[in-house]
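Shown next: coords_26.tsv, given as TSV, C-alpha atoms.
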chain	number	residue	atom	x	y	z
X	428	MET	CA	16.36	19.61	-65.35
X	429	PHE	CA	19.45	19.05	-67.46
X	430	PHE	CA	22.75	20.90	-67.75
X	431	PRO	CA	25.36	21.08	-70.50
X	432	GLY	CA	27.44	17.94	-70.50
X	433	TYR	CA	24.81	16.00	-68.57
X	434	GLY	CA	25.16	12.84	-70.71
X	435	TYR	CA	27.21	10.03	-69.19
X	436	HIS	CA	30.49	9.22	-70.90
X	437	GLY	CA	33.63	7.14	-70.36
X	438	THR	CA	34.17	4.30	-67.91
X	439	SER	CA	33.79	6.44	-64.79
X	440	PHE	CA	30.90	8.31	-63.32
X	441	GLU	CA	31.20	12.10	-63.30
X	442	GLN	CA	28.25	14.48	-63.35
X	443	THR	CA	27.23	18.02	-62.38
X	444	TYR	CA	24.13	18.58	-60.21
X	445	ARG	CA	22.41	21.34	-58.36
X	446	CYS	CA	22.56	20.77	-54.60
X	447	TYR	CA	19.88	21.35	-51.99
X	448	PRO	CA	19.72	20.64	-48.24
X	449	ALA	CA	18.08	17.49	-46.91
X	450	SER	CA	15.26	19.49	-45.37
X	451	PHE	CA	13.77	19.95	-48.88
X	452	ILE	CA	12.69	16.30	-49.03
X	453	ASP	CA	12.02	15.77	-45.31
X	454	LYS	CA	15.04	13.56	-44.62
X	455	PRO	CA	16.41	14.78	-41.26
X	456	GLN	CA	18.46	11.57	-40.77
X	457	LEU	CA	20.85	12.81	-43.44
X	458	GLU	CA	22.20	15.43	-41.03
X	459	SER	CA	23.80	12.73	-38.81
X	460	GLY	CA	26.06	11.36	-41.58
X	461	ASP	CA	27.91	12.13	-44.80
X	462	LYS	CA	25.62	10.47	-47.35
X	463	ILE	CA	23.75	12.21	-50.17
X	464	ILE	CA	20.63	11.38	-52.23
X	465	MET	CA	21.08	11.11	-55.98
X	466	PRO	CA	18.66	10.72	-58.94
X	467	PRO	CA	17.70	7.25	-60.32
X	468	SER	CA	19.60	7.88	-63.57
X	469	ALA	CA	22.84	7.90	-61.61
X	470	LEU	CA	22.09	4.41	-60.32
X	471	ASP	CA	21.53	3.15	-63.86
X	472	ARG	CA	24.89	4.52	-64.94
X	473	LEU	CA	26.74	3.23	-61.91
X	474	ALA	CA	25.27	-0.25	-62.33
X	475	SER	CA	26.68	-0.47	-65.85
X	476	LEU	CA	30.17	0.40	-64.66
X	477	HIS	CA	32.59	-1.88	-62.88
X	478	ILE	CA	33.00	0.28	-59.76
X	479	ASP	CA	34.13	-0.66	-56.29
X	480	TYR	CA	31.67	-1.02	-53.46
X	481	PRO	CA	30.71	0.66	-51.24
X	482	MET	CA	30.03	3.56	-53.57
X	483	LEU	CA	32.10	6.62	-52.64
X	484	PHE	CA	32.10	9.96	-54.44
X	485	GLU	CA	34.25	13.06	-54.70
X	486	LEU	CA	32.46	16.41	-54.43
X	487	HIS	CA	34.08	19.41	-56.13
X	488	ASN	CA	32.98	23.01	-55.83
X	489	ALA	CA	34.83	24.70	-58.66
X	490	ALA	CA	33.78	28.20	-57.58
X	491	ALA	CA	35.39	27.89	-54.11
X	492	GLU	CA	37.99	25.24	-54.98
X	493	ARG	CA	36.71	22.99	-52.22
X	494	ILE	CA	36.91	19.20	-52.44
X	495	SER	CA	35.31	16.65	-50.13
X	496	HIS	CA	34.10	13.04	-50.22
X	497	CYS	CA	30.82	11.34	-49.36
X	498	GLY	CA	28.68	8.21	-49.74
X	499	VAL	CA	25.19	7.67	-51.15
X	500	LEU	CA	22.05	6.73	-49.22
X	501	GLU	CA	19.30	6.55	-51.84
X	502	PHE	CA	18.58	7.25	-55.53
X	503	ILE	CA	15.22	9.02	-55.24
X	504	ALA	CA	16.09	12.64	-56.05
X	505	GLU	CA	14.71	14.56	-59.02
X	506	GLU	CA	16.85	14.43	-62.12
X	507	GLY	CA	19.64	16.98	-62.10
X	508	MET	CA	19.48	17.41	-58.30
X	509	VAL	CA	21.25	16.01	-55.28
X	510	TYR	CA	20.33	16.41	-51.62
X	511	MET	CA	23.03	16.56	-48.99
X	512	PRO	CA	23.37	17.41	-45.27
X	513	TYR	CA	23.34	21.11	-44.52
X	514	TRP	CA	26.63	20.93	-42.58
X	515	MET	CA	28.23	19.46	-45.73
X	516	MET	CA	26.96	22.36	-47.83
X	517	GLN	CA	28.50	24.76	-45.31
X	518	ASN	CA	31.76	22.82	-45.45
X	519	MET	CA	31.79	23.02	-49.25
X	520	LEU	CA	30.73	26.71	-49.21
X	521	LEU	CA	27.62	25.88	-51.24
X	522	GLN	CA	24.30	27.71	-51.27
X	523	GLU	CA	20.91	26.35	-52.29
X	524	GLY	CA	20.87	25.72	-56.04
X	525	ASP	CA	24.67	25.95	-56.54
X	526	THR	CA	26.27	23.41	-58.86
X	527	VAL	CA	28.59	20.69	-57.61
X	528	ARG	CA	30.60	18.13	-59.51
X	529	VAL	CA	30.09	14.50	-58.39
X	530	LYS	CA	32.61	11.84	-59.37
X	531	ASN	CA	33.01	8.23	-58.23
X	532	ALA	CA	36.15	7.55	-56.20
X	533	THR	CA	38.06	4.70	-54.59
X	534	LEU	CA	39.54	5.45	-51.15
X	535	PRO	CA	41.91	3.35	-49.00
X	536	LYS	CA	40.83	2.13	-45.60
X	537	GLY	CA	41.93	4.48	-42.87
X	538	THR	CA	44.34	3.56	-40.11
X	539	TYR	CA	44.69	6.87	-38.28
X	540	VAL	CA	42.68	10.07	-37.89
X	541	LYS	CA	43.30	13.14	-35.76
X	542	LEU	CA	40.32	15.24	-34.67
X	543	GLN	CA	40.07	18.71	-33.20
X	544	PRO	CA	36.82	19.94	-31.59
X	545	HIS	CA	35.86	23.55	-32.13
X	546	THR	CA	34.88	24.09	-28.48
X	547	LYS	CA	35.75	22.62	-25.10
X	548	ASP	CA	32.10	21.66	-24.57
X	549	PHE	CA	32.64	18.44	-26.50
X	550	LEU	CA	35.15	17.26	-23.90
X	551	ASP	CA	32.62	17.91	-21.12
X	552	ILE	CA	30.43	15.07	-22.41
X	553	SER	CA	30.41	12.14	-20.00
X	554	ASN	CA	31.70	9.70	-22.64
X	555	PRO	CA	32.83	11.52	-25.80
X	556	LYS	CA	34.53	8.40	-27.20
X	557	ALA	CA	31.28	6.41	-27.24
X	558	ILE	CA	29.36	9.33	-28.78
X	559	LEU	CA	32.01	9.72	-31.48
X	560	GLU	CA	32.00	6.00	-32.30
X	561	THR	CA	28.22	5.99	-32.60
X	562	THR	CA	28.23	9.05	-34.86
X	563	LEU	CA	31.01	7.82	-37.17
X	564	ARG	CA	28.99	4.69	-37.94
X	565	ASN	CA	26.85	6.92	-40.16
X	566	PHE	CA	29.94	8.17	-42.02
X	567	SER	CA	31.56	6.37	-44.94
X	568	CYS	CA	34.70	8.47	-45.41
X	569	LEU	CA	36.75	11.34	-43.94
X	570	THR	CA	38.75	14.04	-45.71
X	571	THR	CA	41.57	16.12	-44.26
X	572	GLY	CA	40.46	19.73	-43.84
X	573	ASP	CA	36.74	18.96	-43.49
X	574	SER	CA	34.57	19.87	-40.50
X	575	ILE	CA	32.04	17.24	-39.51
X	576	MET	CA	29.06	17.70	-37.22
X	577	VAL	CA	28.29	15.52	-34.21
X	578	ALA	CA	24.77	15.89	-32.77
X	579	TYR	CA	24.25	14.95	-29.12
X	580	ASN	CA	21.66	15.91	-26.53
X	581	ASN	CA	19.98	18.51	-28.77
X	582	LYS	CA	23.33	20.22	-29.36
X	583	LYS	CA	25.63	20.30	-32.38
X	584	TYR	CA	29.38	19.89	-32.02
X	585	TYR	CA	31.70	20.64	-34.94
X	586	ILE	CA	34.98	18.76	-35.26
X	587	ASP	CA	37.82	19.40	-37.72
X	588	ILE	CA	39.61	16.55	-39.47
X	589	VAL	CA	43.23	17.55	-38.88
X	590	GLU	CA	45.06	14.52	-40.27
X	591	THR	CA	44.23	11.18	-41.90
X	592	LYS	CA	46.39	8.19	-42.81
X	593	PRO	CA	47.38	6.61	-45.15
X	594	ALA	CA	45.93	9.29	-47.50
X	595	SER	CA	44.29	12.70	-47.30
X	596	ALA	CA	40.91	10.98	-47.84
X	597	ILE	CA	40.13	7.60	-46.26
X	598	SER	CA	37.28	5.14	-45.98
X	599	ILE	CA	36.14	4.22	-42.47
X	600	ILE	CA	33.74	1.40	-43.38
X	601	GLU	CA	34.56	-1.86	-41.60
X	602	THR	CA	38.02	-0.79	-40.51
X	603	ASP	CA	39.92	-0.36	-37.25
X	604	CYS	CA	41.05	3.24	-37.15
X	605	GLU	CA	43.16	4.86	-34.44
X	606	VAL	CA	41.66	8.15	-33.26
X	607	ASP	CA	43.65	10.97	-31.68
X	608	PHE	CA	42.44	14.33	-30.35
X	609	ALA	CA	44.06	17.75	-30.63
X	610	PRO	CA	43.28	20.52	-28.09
X	611	PRO	CA	40.03	22.37	-28.87
X	612	LEU	CA	40.25	25.58	-30.86
X	613	ASP	CA	39.12	27.69	-27.89
X	614	TYR	CA	41.40	25.96	-25.41
X	615	LYS	CA	43.82	28.20	-23.52
X	616	GLU	CA	46.68	26.87	-21.47
X	617	PRO	CA	46.60	27.97	-17.81
X	618	GLU	CA	49.03	30.78	-17.09
X	619	ARG	CA	52.07	29.70	-15.16
X	620	PRO	CA	52.84	31.73	-12.02
X	621	GLN	CA	55.82	34.00	-12.61
X	622	PRO	CA	58.73	33.52	-10.17
X	623	SER	CA	58.82	36.31	-7.62
X	624	ALA	CA	61.87	38.61	-7.51
X	625	PRO	CA	64.40	37.77	-4.78
X	626	SER	CA	63.81	39.91	-1.70
X	627	SER	CA	66.49	42.10	-0.18
X	628	ALA	CA	66.37	40.04	3.03
X	629	THR	CA	67.64	36.99	1.19
X	630	PRO	CA	71.32	36.41	2.10
X	631	ILE	CA	73.81	36.66	-0.75
X	632	GLN	CA	75.61	33.48	-1.62
X	633	GLY	CA	79.15	33.37	-0.28
X	634	ALA	CA	78.48	35.93	2.47
X	635	ASP	CA	79.05	35.06	6.14
X	636	VAL	CA	75.78	34.43	7.86
X	637	GLU	CA	75.68	34.60	11.66
X	638	PRO	CA	73.89	31.67	13.27
X	639	PRO	CA	70.89	32.54	15.44
X	640	ALA	CA	71.67	33.02	19.14
X	641	GLU	CA	70.75	30.09	21.34
X	642	PRO	CA	68.31	30.81	24.20
X	643	LYS	CA	69.93	30.99	27.65
X	644	PHE	CA	68.99	28.46	30.33
X	645	SER	CA	66.97	29.92	33.21
X	646	PRO	CA	66.49	27.45	36.12
X	647	PHE	CA	63.55	27.43	38.51
X	648	THR	CA	61.28	29.65	36.43
X	649	GLY	CA	58.12	27.63	37.13
X	650	ILE	CA	55.13	28.52	39.30
X	651	GLY	CA	54.57	26.96	42.75
X	652	ARG	CA	51.24	25.29	43.58
X	653	ARG	CA	49.74	24.39	46.97
X	654	LEU	CA	48.77	20.81	47.82
X	655	ASP	CA	45.50	21.88	49.46
X	656	GLY	CA	44.26	23.41	46.23
X	657	LYS	CA	44.25	27.01	47.46
X	658	PRO	CA	45.70	29.70	45.21
X	659	SER	CA	49.26	30.60	46.17
X	660	LYS	CA	50.49	34.18	46.32
X	661	HIS	CA	53.62	33.50	44.38
X	662	LEU	CA	56.27	35.97	43.42
X	663	THR	CA	58.02	36.08	40.12
X	664	PRO	CA	61.74	35.17	40.13
X	665	ASP	CA	62.64	38.73	39.19
X	666	SER	CA	60.81	40.24	42.19
X	667	LEU	CA	62.42	37.96	44.82
X	668	PRO	CA	65.26	39.60	46.84
X	669	MET	CA	68.69	38.17	46.35
X	670	LYS	CA	69.98	36.24	49.34
X	671	GLY	CA	73.60	37.01	50.09
X	672	PRO	CA	76.00	34.52	51.66
X	673	THR	CA	76.30	34.44	55.50
X	674	VAL	CA	79.86	35.11	56.65
X	675	ALA	CA	81.05	35.01	60.34
X	676	THR	CA	84.38	36.66	61.15
X	677	ASN	CA	86.14	36.52	64.53
X	678	GLY	CA	83.02	35.69	66.47
X	679	ALA	CA	81.08	38.68	65.15
X	680	LYS	CA	77.39	38.30	64.46
X	681	PRO	CA	76.56	37.98	60.81
X	682	ALA	CA	74.23	40.47	59.14
X	683	THR	CA	70.76	39.04	59.30
X	684	THR	CA	68.67	41.83	57.80
X	685	ASN	CA	68.59	40.49	54.28
X	686	ASN	CA	68.33	36.95	55.53
X	687	SER	CA	65.28	37.69	57.62
X	688	GLN	CA	63.56	39.46	54.74
X	689	ALA	CA	64.34	36.63	52.29
X	690	SER	CA	63.28	33.92	54.71
X	691	SER	CA	60.05	35.69	55.56
X	692	SER	CA	59.20	36.16	51.88
X	693	LYS	CA	60.03	32.57	51.12
X	694	GLN	CA	58.00	31.27	54.01
X	695	THR	CA	55.01	33.28	52.97
X	696	ALA	CA	55.16	32.42	49.28
X	697	GLY	CA	56.36	28.85	49.23
X	698	LYS	CA	55.25	27.34	52.59
X	699	LEU	CA	53.22	24.14	52.25
X	700	VAL	CA	50.19	23.81	54.56
X	701	PHE	CA	48.70	20.33	55.05
X	702	GLY	CA	45.04	20.48	55.98
X	703	SER	CA	42.56	23.29	55.42
X	704	SER	CA	41.00	23.35	58.94
X	705	ARG	CA	43.80	25.30	60.60
X	706	SER	CA	42.67	28.53	62.18
X	707	THR	CA	43.67	31.97	61.00
X	708	ALA	CA	45.47	32.65	64.29
X	709	ALA	CA	47.69	29.66	63.81
X	710	GLY	CA	48.52	30.94	60.32
X	711	LYS	CA	49.50	34.34	61.77
X	712	GLU	CA	51.74	32.72	64.40
X	713	ALA	CA	53.36	30.67	61.65
X	714	GLN	CA	54.08	33.90	59.79
X	715	LYS	CA	55.61	35.54	62.92
X	716	GLY	CA	57.81	32.52	63.68
X	717	PRO	CA	60.33	32.96	60.84
X	718	ALA	CA	61.21	36.49	62.02
X	719	LYS	CA	62.85	35.12	65.23
X	720	GLU	CA	64.84	32.44	63.55
X	721	PRO	CA	67.86	34.62	62.72
X	722	LYS	CA	68.50	35.39	66.48
X	723	GLU	CA	68.27	31.74	67.47
X	724	ASN	CA	70.59	30.81	64.67
X	725	SER	CA	73.14	33.43	65.77
X	726	SER	CA	73.10	32.21	69.45
X	727	LYS	CA	73.57	28.65	68.34
X	728	THR	CA	76.52	29.76	66.23
X	729	GLU	CA	78.22	31.33	69.32
X	730	GLU	CA	77.56	28.26	71.50
X	731	SER	CA	78.90	25.92	68.91
X	732	LYS	CA	82.19	27.93	68.76
X	733	PHE	CA	85.07	25.99	70.24
X	734	GLN	CA	86.62	27.41	73.51
X	735	ALA	CA	89.58	25.73	75.10
X	736	PHE	CA	89.67	24.83	78.83
X	737	THR	CA	86.19	26.01	79.64
X	738	GLY	CA	85.04	22.86	81.47
X	739	LYS	CA	84.53	22.32	85.23
X	740	LYS	CA	87.31	20.93	87.36
X	741	TYR	CA	86.87	18.05	89.73
X	742	SER	CA	89.06	16.92	92.67
X	743	LEU	CA	90.29	13.36	92.90
X	744	LYS	CA	89.83	13.31	96.64
X	745	GLY	CA	86.13	13.82	96.21
For the structure just supplied, provide its representation as structure tokens.
Amino acid sequence: MFFPGYGYHGTSFEQTYRCYPASFIDKPQLESGDKIIMPPSALDRLASLHIDYPMLFELHNAAAERISHCGVLEFIAEEGMVYMPYWMMQNMLLQEGDTVRVKNATLPKGTYVKLQPHTKDFLDISNPKAILETTLRNFSCLTTGDSIMVAYNNKKYYIDIVETKPASAISIIETDCEVDFAPPLDYKEPERPQPSAPSSATPIQGADVEPPAEPKFSPFTGIGRRLDGKPSKHLTPDSLPMKGPTVATNGAKPATTNNSQASSSKQTAGKLVFGSSRSTAAGKEAQKGPAKEPKENSSKTEESKFQAFTGKKYSLKG
């Protein structure tokens, strides 16, 4: 099958072919790289030219104004035909049987390439760097604006070539190339939490703020416990009667009503009992004892009062 202008001319190789996917000749390995299969006549022409190796070619789709670059794997195609990976036909916007212009090219060795995956799934691979290095071994060149396909674990990942240095098309054969990644196309940055509006309870700057009141000290607010382990019938500090001061004026008996009540309550609530074998009667007598203490205390107060010249007189004569 021949086309107008098929004859070779000049010192460079440039020819128009009809393209078909690699599945037409049962070459599935073509899908993992960027190499095409050309007819034997192309090899004869290339051998007669002084071209640089490895052989690299420029693909031009005049209908869609798309340009890409590729290598060659074999020269076994029918005359007038080329076979290429299906992902490359999609990248060039070519259908089965469309014409494509093939021209030999010389590309500089790449030093830098920036890639951008289409989906975040590629980053979920356990070791994407190793998978990418293994896949790019089947590639001979990269072109800015192309989308290459990386097959892994029965899944296809598409990656855009965002930037290449030192030119828009580079050779990656036997070269050390720095690889950088851009965020995937479907990546969305996490939303930052919006700062909440200041509440009305927040004090205004410059305003006088009263310090919190310090708690007042309350002594003897604990709970009494018996040494014999029995539960004590304690009274709260608020329920205890206030004991007033005892005042004696001119030999008069002090008021003992409040004192007797306070002493009896204190004896009942806070009295310590050593030994649990004491009889109930002894406990009752111990409770009755404190009631008589105010009278004894008052008599002792009168006896202890000083009285002048109250002693007995004795005669010296005997």
Open item on the list: Considering all atoms listed in the file, can you say which of X:Leu563, X:Cys446, X:Leu500, X:Cys568 comes closest to Leu520 in chain X?
Closed with: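 Closest to Leu520 in chain X, using all atoms listed in the file: X:Cys446.
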- [ ] Find the distance between CA of Glu590 in chain X and CA of Lys541 in chain X and write it in Å to one decimal.
- [x]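 The value is 5.0 Å.
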Task: Neighbour list for Met515 in chain X as number ranges by chain, cut-off 10 Å, all atoms listed in the file, skip fewer than 5 positions in-chain - done: X: 448, 458, 460-463, 495-497, 520-521, 573-576
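Nearest to Ala609 in chain X of all the residues X:Lys547, X:Ser553, X:Asp655, X:Val509 is X:Lys547, counting all atoms listed in the file.
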Open item on the list: What's the separation between CA of Pro555 in chain X and CA of Ser567 in chain X, in Å to one decimal place?
Closed with: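 Interatomic distance here is 19.9 Å.
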- [ ] Counting only C-alpha atoms, select every polymer residue within 12 Å of (30.0, 5.8, -39.8) as defined in the file's coordinates, and provide the selection as a list in words.
- [x]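 Counting only C-alpha atoms, I find these residues within 12 Å of (30.0, 5.8, -39.8): Ser459, Gly460, Asp461, Lys462, Cys497, Gly498, Ile558, Leu559, Glu560, Thr561, Thr562, Leu563, Arg564, Asn565, Phe566, Ser567, Cys568, Leu569, Ile575, Val577, Ser598, Ile599, Ile600, Glu601, Thr602, Asp603 and Cys604 of chain X.
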- [ ] Between X:Thr571, X:Asn581, X:Asn488, X:Ser475, single out the one closest to Thr526 in chain X, counting only C-alpha atoms.
- [x] X:Asn488
Open item on the list: Please compute the CA of Glu505 in chain X-CA of Ala491 in chain X distance, one decimal, in Å.
Closed with: 25.1 Å
TODO: Rank X:Phe549, X:Phe440, X:Ser450, X:Leu486 by their smallest atom-to-atom distance to Arg472 in chain X, using only C-alpha atoms, and report the top residue only.
DONE: X:Phe440
TODO: Go through X:Pro620, X:Leu457, X:Tyr614, X:Val499 and flag the residue nearest Thr546 in chain X, using all atoms listed in the file for the distances.
DONE: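 Using all atoms listed in the file, the shortest distance to Thr546 in chain X belongs to X:Tyr614.
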Open item on the list: Could you check the closest approach to Asn531 in chain X for each of X:Gln517, X:Pro593, X:Ser439, X:Lys582 and tell me which residue wins, using all atoms listed in the file?
Closed with: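 Smallest separation from Asn531 in chain X among the options: X:Ser439.
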